[in-house]
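Contents: one structure, followed by commentary.
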Amino acid sequence: MIRYALKRIGSLMISLIVASLVIFACIEVIPGDPASFMLGINAQPDTVAALREELGLNASLSVRYLSWVTGMLSGDFGTSYTYRTPVAEIIAERLWLSLPLALIALGLTVFIAFPIGILAATKRGSWTDMSVMGATQLGIAVPNFWFAMLMVLLFAINLRWFSAGGFPGWDNPFAALKALTLPSIALALPQASILARVMRSALLDTLSEDYIRTCRAKGLTRRQALWRHALRNAMIPVLTIIGLQFSFLLAGAIIIENVFYLPGLGRLVFQAISQRDLIMVESVVFLLVFAVIIVNFAVDLAYAWVDPRLRARV
């Protein structure tokens, strides 16, 4: 297992280096000058030139890239062009909202998807199975932002059980969790629909394997064969989807954060792009890519734990 983990760490480091190069190159070719944007169209050329020098925009691309990478390695993400404060402080402040939101939404996703996916697989072809598949198809088809607006209309405006938006901070944990409830549900339901269908398909494929029939022939009931043997072997595609979903929930909640006026990472990167705050965009995007790569690394380790054949190939 240790050899397998070390091999995956090597791949992880290569992926991070390539990702940093791609992110820097893509953002640097975006048209527009941050200094001109900050000062406005009526700014004098010498004023723009002075600001470019202050921001370090006159340095070569290679120097700027190395400065950015070495700074990140030491925890210094640079200074925001717009807010004129350290990028790391702004990201840390926003991460305290986006990370709990993603974790709560992922927990709801698993909590909803696992039972109904297993139920649909054990009741294959029945009305229960068809009902579950119909509900999950509807959950996939309905856009999460539209569902979020419906929940705001019902629970915030009509029933007044929740606030329509905003985040009070973590000084009052109950109020903070209450503010994240509707956004978490809006994010979780489409992902739970996808995960439930994957769980059902994986279980059905596993239950049709020869070793499951052998277990049944030796006297195990269908339920015992499911929980003792089939479920663990069906987890590999499910773990893949869970890893991808966590990455999506962390990085792809821009619309939901705007619907509920949540000051998270998604909204931050959207504002940074519109304000031409390149250093902010580069740092936030790299952090999100880093999160995706780390999650994939964790999923690979989970694969090796679930399926010992992967460790044997190292």
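Here's how to read the names in the structure tokens: chain A, B, ... by the order shown, residue numbers from 1 in each chain, ligand numbers from 1 in the order shown.
Near A:Met133, within a cut-off of 12 Å and counting only C-alpha atoms, sit the residues Ala113, Ile116, Gly117, Ile118, Leu119, Ala120, Ala121, Lys123, Arg124, Gly125, Ser126, Trp127, Thr128, Leu138, Gly139, Ile140, Ala192, Ser193, Ile194, Leu195, Ala196, Arg197, Val198, Met199, Arg200 and Ser201 of chain A, with same-chain residues fewer than 5 positions away left out.
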Keeping only N, CA, C and O atoms, write the selected residues to a file as an mmCIF file, in the first residue's frame.
data_model
loop_
_atom_site.group_PDB
_atom_site.id
_atom_site.type_symbol
_atom_site.label_atom_id
_atom_site.label_comp_id
_atom_site.auth_asym_id
_atom_site.auth_seq_id
_atom_site.Cartn_x
_atom_site.Cartn_y
_atom_site.Cartn_z
ATOM 1 N N ALA A 113 -28.436 9.183 -1.733
ATOM 2 C CA ALA A 113 -28.203 8.305 -2.882
ATOM 3 C C ALA A 113 -28.004 6.856 -2.499
ATOM 4 O O ALA A 113 -28.515 5.955 -3.177
ATOM 5 N N ILE A 116 -31.428 4.839 -1.632
ATOM 6 C CA ILE A 116 -32.360 4.654 -2.745
ATOM 7 C C ILE A 116 -31.705 3.889 -3.895
ATOM 8 O O ILE A 116 -32.375 3.152 -4.626
ATOM 9 N N GLY A 117 -30.376 4.028 -4.059
ATOM 10 C CA GLY A 117 -29.688 3.247 -5.082
ATOM 11 C C GLY A 117 -29.688 1.768 -4.750
ATOM 12 O O GLY A 117 -29.928 0.914 -5.620
ATOM 13 N N ILE A 118 -29.420 1.444 -3.475
ATOM 14 C CA ILE A 118 -29.446 0.043 -3.043
ATOM 15 C C ILE A 118 -30.870 -0.508 -3.122
ATOM 16 O O ILE A 118 -31.090 -1.646 -3.564
ATOM 17 N N LEU A 119 -31.847 0.306 -2.714
ATOM 18 C CA LEU A 119 -33.249 -0.130 -2.778
ATOM 19 C C LEU A 119 -33.664 -0.433 -4.214
ATOM 20 O O LEU A 119 -34.297 -1.472 -4.482
ATOM 21 N N ALA A 120 -33.291 0.446 -5.142
ATOM 22 C CA ALA A 120 -33.660 0.226 -6.546
ATOM 23 C C ALA A 120 -33.000 -1.029 -7.102
ATOM 24 O O ALA A 120 -33.619 -1.773 -7.883
ATOM 25 N N ALA A 121 -31.761 -1.294 -6.704
ATOM 26 C CA ALA A 121 -31.063 -2.485 -7.204
ATOM 27 C C ALA A 121 -31.686 -3.760 -6.666
ATOM 28 O O ALA A 121 -31.805 -4.756 -7.384
ATOM 29 N N LYS A 123 -34.758 -4.126 -5.766
ATOM 30 C CA LYS A 123 -36.142 -4.245 -6.251
ATOM 31 C C LYS A 123 -36.197 -4.073 -7.767
ATOM 32 O O LYS A 123 -37.143 -3.492 -8.306
ATOM 33 N N ARG A 124 -35.199 -4.568 -8.458
ATOM 34 C CA ARG A 124 -35.092 -4.360 -9.903
ATOM 35 C C ARG A 124 -36.379 -4.802 -10.615
ATOM 36 O O ARG A 124 -36.896 -5.894 -10.394
ATOM 37 N N GLY A 125 -36.869 -3.895 -11.502
ATOM 38 C CA GLY A 125 -38.045 -4.195 -12.296
ATOM 39 C C GLY A 125 -39.364 -3.933 -11.612
ATOM 40 O O GLY A 125 -40.416 -4.015 -12.260
ATOM 41 N N SER A 126 -39.347 -3.605 -10.326
ATOM 42 C CA SER A 126 -40.588 -3.365 -9.589
ATOM 43 C C SER A 126 -41.000 -1.901 -9.716
ATOM 44 O O SER A 126 -40.281 -1.068 -10.273
ATOM 45 N N TRP A 127 -42.182 -1.604 -9.143
ATOM 46 C CA TRP A 127 -42.641 -0.217 -9.148
ATOM 47 C C TRP A 127 -41.705 0.667 -8.322
ATOM 48 O O TRP A 127 -41.521 1.840 -8.636
ATOM 49 N N THR A 128 -41.133 0.096 -7.279
ATOM 50 C CA THR A 128 -40.172 0.859 -6.473
ATOM 51 C C THR A 128 -38.977 1.284 -7.317
ATOM 52 O O THR A 128 -38.543 2.449 -7.283
ATOM 53 N N LEU A 138 -35.726 12.999 -12.983
ATOM 54 C CA LEU A 138 -36.230 14.355 -12.774
ATOM 55 C C LEU A 138 -35.197 15.204 -12.042
ATOM 56 O O LEU A 138 -34.997 16.383 -12.370
ATOM 57 N N GLY A 139 -34.526 14.600 -11.053
ATOM 58 C CA GLY A 139 -33.510 15.338 -10.309
ATOM 59 C C GLY A 139 -32.335 15.761 -11.173
ATOM 60 O O GLY A 139 -31.758 16.833 -10.971
ATOM 61 N N ILE A 140 -31.984 14.936 -12.150
ATOM 62 C CA ILE A 140 -30.899 15.293 -13.069
ATOM 63 C C ILE A 140 -31.341 16.368 -14.050
ATOM 64 O O ILE A 140 -30.579 17.272 -14.403
ATOM 65 N N ALA A 192 -27.173 13.716 -5.948
ATOM 66 C CA ALA A 192 -27.708 12.484 -5.366
ATOM 67 C C ALA A 192 -28.421 11.656 -6.429
ATOM 68 O O ALA A 192 -28.347 10.412 -6.396
ATOM 69 N N SER A 193 -29.074 12.313 -7.361
ATOM 70 C CA SER A 193 -29.750 11.580 -8.438
ATOM 71 C C SER A 193 -28.745 10.835 -9.300
ATOM 72 O O SER A 193 -28.955 9.670 -9.655
ATOM 73 N N ILE A 194 -27.633 11.498 -9.618
ATOM 74 C CA ILE A 194 -26.593 10.851 -10.417
ATOM 75 C C ILE A 194 -25.979 9.679 -9.657
ATOM 76 O O ILE A 194 -25.812 8.572 -10.187
ATOM 77 N N LEU A 195 -25.643 9.917 -8.393
ATOM 78 C CA LEU A 195 -24.979 8.891 -7.598
ATOM 79 C C LEU A 195 -25.885 7.687 -7.370
ATOM 80 O O LEU A 195 -25.412 6.539 -7.370
ATOM 81 N N ALA A 196 -27.173 7.918 -7.173
ATOM 82 C CA ALA A 196 -28.098 6.803 -6.971
ATOM 83 C C ALA A 196 -28.174 5.907 -8.200
ATOM 84 O O ALA A 196 -28.209 4.675 -8.086
ATOM 85 N N ARG A 197 -28.171 6.514 -9.375
ATOM 86 C CA ARG A 197 -28.220 5.715 -10.602
ATOM 87 C C ARG A 197 -26.925 4.922 -10.783
ATOM 88 O O ARG A 197 -26.953 3.763 -11.233
ATOM 89 N N VAL A 198 -25.795 5.535 -10.448
ATOM 90 C CA VAL A 198 -24.520 4.819 -10.541
ATOM 91 C C VAL A 198 -24.479 3.672 -9.541
ATOM 92 O O VAL A 198 -24.029 2.560 -9.863
ATOM 93 N N MET A 199 -24.940 3.921 -8.326
ATOM 94 C CA MET A 199 -24.977 2.870 -7.308
ATOM 95 C C MET A 199 -25.856 1.706 -7.765
ATOM 96 O O MET A 199 -25.476 0.530 -7.625
ATOM 97 N N ARG A 200 -27.008 1.993 -8.310
ATOM 98 C CA ARG A 200 -27.904 0.935 -8.791
ATOM 99 C C ARG A 200 -27.236 0.117 -9.889
ATOM 100 O O ARG A 200 -27.235 -1.122 -9.854
ATOM 101 N N SER A 201 -26.659 0.787 -10.883
ATOM 102 C CA SER A 201 -26.028 0.081 -12.004
ATOM 103 C C SER A 201 -24.851 -0.771 -11.532
ATOM 104 O O SER A 201 -24.687 -1.920 -11.967
#
Contacts of A:Leu16 within 12 Å, only C-alpha atoms, excl. fewer than 4 positions in-chain, as a CSV table (one decimal) with all heavy atoms, in the first residue's frame:
chain,number,residue,atom,x,y,z
A,9,ILE,N,1.8,9.7,-5.5
A,9,ILE,CA,2.2,11.0,-5.1
A,9,ILE,C,3.1,11.6,-6.2
A,9,ILE,O,3.1,12.8,-6.5
A,9,ILE,CB,3.0,10.9,-3.8
A,9,ILE,CG1,2.1,10.7,-2.6
A,9,ILE,CG2,3.8,12.2,-3.5
A,9,ILE,CD1,2.8,10.4,-1.3
A,10,GLY,N,3.9,10.7,-6.8
A,10,GLY,CA,4.7,11.2,-8.0
A,10,GLY,C,3.8,11.7,-9.1
A,10,GLY,O,4.1,12.8,-9.7
A,11,SER,N,2.8,11.0,-9.4
A,11,SER,CA,1.8,11.5,-10.4
A,11,SER,C,1.2,12.8,-10.0
A,11,SER,O,0.9,13.7,-10.8
A,11,SER,CB,0.8,10.4,-10.7
A,11,SER,OG,1.4,9.2,-11.2
A,12,LEU,N,0.9,12.9,-8.7
A,12,LEU,CA,0.2,14.1,-8.2
A,12,LEU,C,1.1,15.3,-8.4
A,12,LEU,O,0.6,16.4,-8.8
A,12,LEU,CB,-0.1,13.9,-6.7
A,12,LEU,CG,-0.8,15.0,-6.0
A,12,LEU,CD1,-1.7,14.4,-4.9
A,12,LEU,CD2,0.1,16.0,-5.3
A,20,SER,N,-0.3,24.2,-13.0
A,20,SER,CA,0.2,25.6,-12.7
A,20,SER,C,0.6,26.3,-14.0
A,20,SER,O,0.3,27.4,-14.2
A,20,SER,CB,1.3,25.6,-11.7
A,20,SER,OG,2.5,25.0,-12.2
A,21,LEU,N,1.3,25.5,-14.9
A,21,LEU,CA,1.7,26.1,-16.2
A,21,LEU,C,0.5,26.4,-17.0
A,21,LEU,O,0.4,27.5,-17.6
A,21,LEU,CB,2.6,25.1,-16.9
A,21,LEU,CG,4.0,25.0,-16.4
A,21,LEU,CD1,4.7,23.8,-17.0
A,21,LEU,CD2,4.8,26.2,-16.6
A,22,VAL,N,-0.5,25.5,-17.1
A,22,VAL,CA,-1.7,25.7,-17.9
A,22,VAL,C,-2.5,26.9,-17.4
A,22,VAL,O,-2.9,27.8,-18.2
A,22,VAL,CB,-2.5,24.5,-18.0
A,22,VAL,CG1,-3.9,24.7,-18.7
A,22,VAL,CG2,-1.8,23.3,-18.7
A,23,ILE,N,-2.7,27.0,-16.1
A,23,ILE,CA,-3.5,28.0,-15.5
A,23,ILE,C,-2.8,29.4,-15.8
A,23,ILE,O,-3.5,30.4,-16.2
A,23,ILE,CB,-3.6,27.8,-14.0
A,23,ILE,CG1,-4.5,26.6,-13.7
A,23,ILE,CG2,-4.2,29.0,-13.3
A,23,ILE,CD1,-4.5,26.1,-12.3
A,69,VAL,N,4.7,30.9,-8.3
A,69,VAL,CA,4.9,29.5,-7.8
A,69,VAL,C,5.7,29.4,-6.5
A,69,VAL,O,5.2,28.8,-5.5
A,69,VAL,CB,5.5,28.6,-8.8
A,69,VAL,CG1,5.8,27.2,-8.3
A,69,VAL,CG2,4.6,28.4,-10.0
A,73,LEU,N,4.4,28.2,-2.7
A,73,LEU,CA,5.0,27.2,-1.9
A,73,LEU,C,5.3,27.7,-0.4
A,73,LEU,O,5.3,26.8,0.5
A,73,LEU,CB,6.3,26.8,-2.5
A,73,LEU,CG,6.2,26.0,-3.9
A,73,LEU,CD1,7.6,25.8,-4.5
A,73,LEU,CD2,5.5,24.7,-3.7
A,285,VAL,N,-8.1,29.6,-8.9
A,285,VAL,CA,-8.2,28.4,-9.8
A,285,VAL,C,-7.2,27.3,-9.5
A,285,VAL,O,-7.6,26.1,-9.5
A,285,VAL,CB,-8.1,28.9,-11.2
A,285,VAL,CG1,-8.0,27.7,-12.2
A,285,VAL,CG2,-9.2,29.9,-11.6
A,286,PHE,N,-6.0,27.7,-9.1
A,286,PHE,CA,-5.0,26.7,-8.8
A,286,PHE,C,-5.4,26.0,-7.5
A,286,PHE,O,-5.2,24.8,-7.4
A,286,PHE,CB,-3.6,27.3,-8.6
A,286,PHE,CG,-2.5,26.3,-8.3
A,286,PHE,CD1,-2.0,25.6,-9.3
A,286,PHE,CD2,-2.1,26.1,-7.0
A,286,PHE,CE1,-1.0,24.6,-9.0
A,286,PHE,CE2,-1.1,25.2,-6.7
A,286,PHE,CZ,-0.6,24.4,-7.7
A,287,LEU,N,-5.9,26.7,-6.5
A,287,LEU,CA,-6.4,26.1,-5.3
A,287,LEU,C,-7.5,25.1,-5.6
A,287,LEU,O,-7.5,24.0,-5.0
A,287,LEU,CB,-6.9,27.1,-4.3
A,287,LEU,CG,-7.4,26.6,-3.0
A,287,LEU,CD1,-6.3,25.9,-2.2
A,287,LEU,CD2,-8.0,27.7,-2.2
A,288,LEU,N,-8.4,25.4,-6.5
A,288,LEU,CA,-9.5,24.5,-6.8
A,288,LEU,C,-9.0,23.3,-7.6
A,288,LEU,O,-9.4,22.2,-7.3
A,288,LEU,CB,-10.5,25.2,-7.6
A,288,LEU,CG,-11.3,26.4,-6.9
A,288,LEU,CD1,-12.2,27.1,-7.9
A,288,LEU,CD2,-12.0,25.8,-5.7
A,289,VAL,N,-8.0,23.5,-8.5
A,289,VAL,CA,-7.4,22.4,-9.2
A,289,VAL,C,-6.6,21.5,-8.2
A,289,VAL,O,-6.7,20.3,-8.3
A,289,VAL,CB,-6.5,22.9,-10.3
A,289,VAL,CG1,-5.6,21.8,-10.9
A,289,VAL,CG2,-7.3,23.6,-11.4
A,290,PHE,N,-5.9,22.1,-7.3
A,290,PHE,CA,-5.2,21.3,-6.2
A,290,PHE,C,-6.2,20.5,-5.4
A,290,PHE,O,-5.9,19.3,-5.1
A,290,PHE,CB,-4.5,22.3,-5.3
A,290,PHE,CG,-3.8,21.6,-4.2
A,290,PHE,CD1,-2.6,21.0,-4.3
A,290,PHE,CD2,-4.3,21.7,-2.9
A,290,PHE,CE1,-2.0,20.4,-3.3
A,290,PHE,CE2,-3.7,21.1,-1.8
A,290,PHE,CZ,-2.5,20.4,-2.0
A,291,ALA,N,-7.4,21.0,-5.1
A,291,ALA,CA,-8.4,20.3,-4.4
A,291,ALA,C,-8.9,19.1,-5.2
A,291,ALA,O,-9.0,18.0,-4.7
A,291,ALA,CB,-9.5,21.2,-4.0
A,292,VAL,N,-9.1,19.3,-6.5
A,292,VAL,CA,-9.5,18.2,-7.4
A,292,VAL,C,-8.5,17.1,-7.4
A,292,VAL,O,-8.8,15.9,-7.3
A,292,VAL,CB,-9.8,18.8,-8.8
A,292,VAL,CG1,-10.0,17.6,-9.8
A,292,VAL,CG2,-11.0,19.7,-8.8
A,293,ILE,N,-7.2,17.5,-7.6
A,293,ILE,CA,-6.1,16.5,-7.7
A,293,ILE,C,-6.0,15.7,-6.3
A,293,ILE,O,-5.8,14.5,-6.3
A,293,ILE,CB,-4.8,17.2,-8.0
A,293,ILE,CG1,-4.9,17.7,-9.5
A,293,ILE,CG2,-3.6,16.2,-7.9
A,293,ILE,CD1,-3.7,18.5,-9.9
A,294,ILE,N,-6.1,16.4,-5.2
A,294,ILE,CA,-6.0,15.8,-3.9
A,294,ILE,C,-7.2,14.8,-3.7
A,294,ILE,O,-7.0,13.7,-3.2
A,294,ILE,CB,-6.0,16.8,-2.8
A,294,ILE,CG1,-4.6,17.5,-2.8
A,294,ILE,CG2,-6.2,16.2,-1.4
A,294,ILE,CD1,-3.4,16.7,-2.5
A,297,PHE,N,-6.5,11.8,-5.7
A,297,PHE,CA,-5.5,11.0,-5.0
A,297,PHE,C,-6.1,10.2,-3.9
A,297,PHE,O,-5.8,9.0,-3.7
A,297,PHE,CB,-4.4,11.9,-4.5
A,297,PHE,CG,-3.4,11.2,-3.6
A,297,PHE,CD1,-2.5,10.3,-4.1
A,297,PHE,CD2,-3.3,11.5,-2.2
A,297,PHE,CE1,-1.5,9.7,-3.3
A,297,PHE,CE2,-2.4,10.8,-1.4
A,297,PHE,CZ,-1.5,10.0,-2.0
Problem - Contacts of A:Ala88 at 9 Å (only C-alpha atoms; same-chain gap of 5+ positions) as an NGL selection string - result: :A and (75-79 or 93 or 283)
Handout entry: Every residue of stretch 31-279 of chain A that DSSP places in helix (DSSP H, G or I), as a PyMOL selection string
Key = chain A and resi 34-39+45-55+61-73+87-122+127-141+144-158+173-207+210-217+222-233+235-251+254-259+265-274+278-279
Handout entry: Near-A:Pro143 list (12 Å; only C-alpha atoms; drop same-chain fewer than 3 positions) as a PyMOL selection string
Key = chain A and resi 137-140+146-150+186-191+255-256
Selection from above, C-alpha atoms, as a PDB file, in the first residue's frame, can you write it?
ATOM      1  CA  GLN A 137     -34.179  11.342 -13.868  1.00  0.00           C
ATOM      2  CA  LEU A 138     -36.230  14.355 -12.774  1.00  0.00           C
ATOM      3  CA  GLY A 139     -33.510  15.338 -10.309  1.00  0.00           C
ATOM      4  CA  ILE A 140     -30.899  15.293 -13.069  1.00  0.00           C
ATOM      5  CA  TRP A 146     -34.094  26.838 -10.728  1.00  0.00           C
ATOM      6  CA  PHE A 147     -34.704  24.460  -7.843  1.00  0.00           C
ATOM      7  CA  ALA A 148     -32.831  26.880  -5.558  1.00  0.00           C
ATOM      8  CA  MET A 149     -35.100  29.762  -6.571  1.00  0.00           C
ATOM      9  CA  LEU A 150     -38.179  27.596  -5.935  1.00  0.00           C
ATOM     10  CA  ALA A 186     -30.009  22.698  -4.021  1.00  0.00           C
ATOM     11  CA  LEU A 187     -26.497  21.406  -4.710  1.00  0.00           C
ATOM     12  CA  ALA A 188     -27.077  17.904  -3.328  1.00  0.00           C
ATOM     13  CA  LEU A 189     -30.271  16.773  -5.052  1.00  0.00           C
ATOM     14  CA  PRO A 190     -28.953  16.660  -8.650  1.00  0.00           C
ATOM     15  CA  GLN A 191     -25.742  14.989  -7.473  1.00  0.00           C
ATOM     16  CA  ILE A 255     -24.499  30.004  -9.626  1.00  0.00           C
ATOM     17  CA  ILE A 256     -25.833  28.761  -6.286  1.00  0.00           C
TER      18      ILE A 256
END
List the neighbours of A:Pro100 out to 12 Å using only C-alpha atoms; skip same-chain residues closer than 3 positions along the sequence, and give me the result as a CSV table (one decimal) with C-alpha atoms, in the first residue's frame.
chain,number,residue,atom,x,y,z
A,94,ARG,CA,-14.1,32.5,1.6
A,95,LEU,CA,-12.9,28.9,2.0
A,96,TRP,CA,-14.5,28.8,5.4
A,97,LEU,CA,-17.9,29.1,3.6
A,103,LEU,CA,-19.0,18.9,2.6
A,104,ILE,CA,-22.6,19.3,3.8
A,105,ALA,CA,-23.9,19.0,0.2
A,106,LEU,CA,-21.7,15.9,-0.3
A,107,GLY,CA,-23.0,14.4,3.0
A,169,GLY,CA,-20.6,34.0,9.7
A,170,TRP,CA,-19.5,31.2,12.1
A,173,PRO,CA,-22.9,28.1,14.3
A,176,ALA,CA,-24.5,29.7,9.8
A,177,LEU,CA,-25.7,26.1,9.3
A,179,ALA,CA,-28.1,29.7,6.1
A,180,LEU,CA,-26.3,26.9,4.3
A,181,THR,CA,-29.3,24.5,4.5
A,183,PRO,CA,-27.9,26.0,-0.8
A,184,SER,CA,-26.7,22.5,0.3
A,246,PHE,CA,-16.9,16.8,-4.3
A,249,LEU,CA,-19.4,21.0,-5.3
A,250,LEU,CA,-16.3,22.9,-4.2
A,264,GLY,CA,-17.7,31.8,-1.3
A,265,LEU,CA,-14.9,30.9,-3.6
Exercise for the section: Rank A:Ala302, A:Leu61, A:Ile90, A:Ile241 by their smallest atom-to-atom distance to A:Ile27, using only C-alpha atoms, and report the top residue only. Expected result: A:Leu61
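Remark: for A:Ala202, the closest of the candidate residues A:Ile254, A:Ile112, A:Ile17, A:Ala234 is A:Ala234 (distances computed over only C-alpha atoms).
You will find atom CA of A:Ser274 at 23.9 Å from atom CA of A:Leu101.
With atom CA of A:Ala217 on one side and atom CA of A:Ile236 on the other, the separation reads 25.5 Å.
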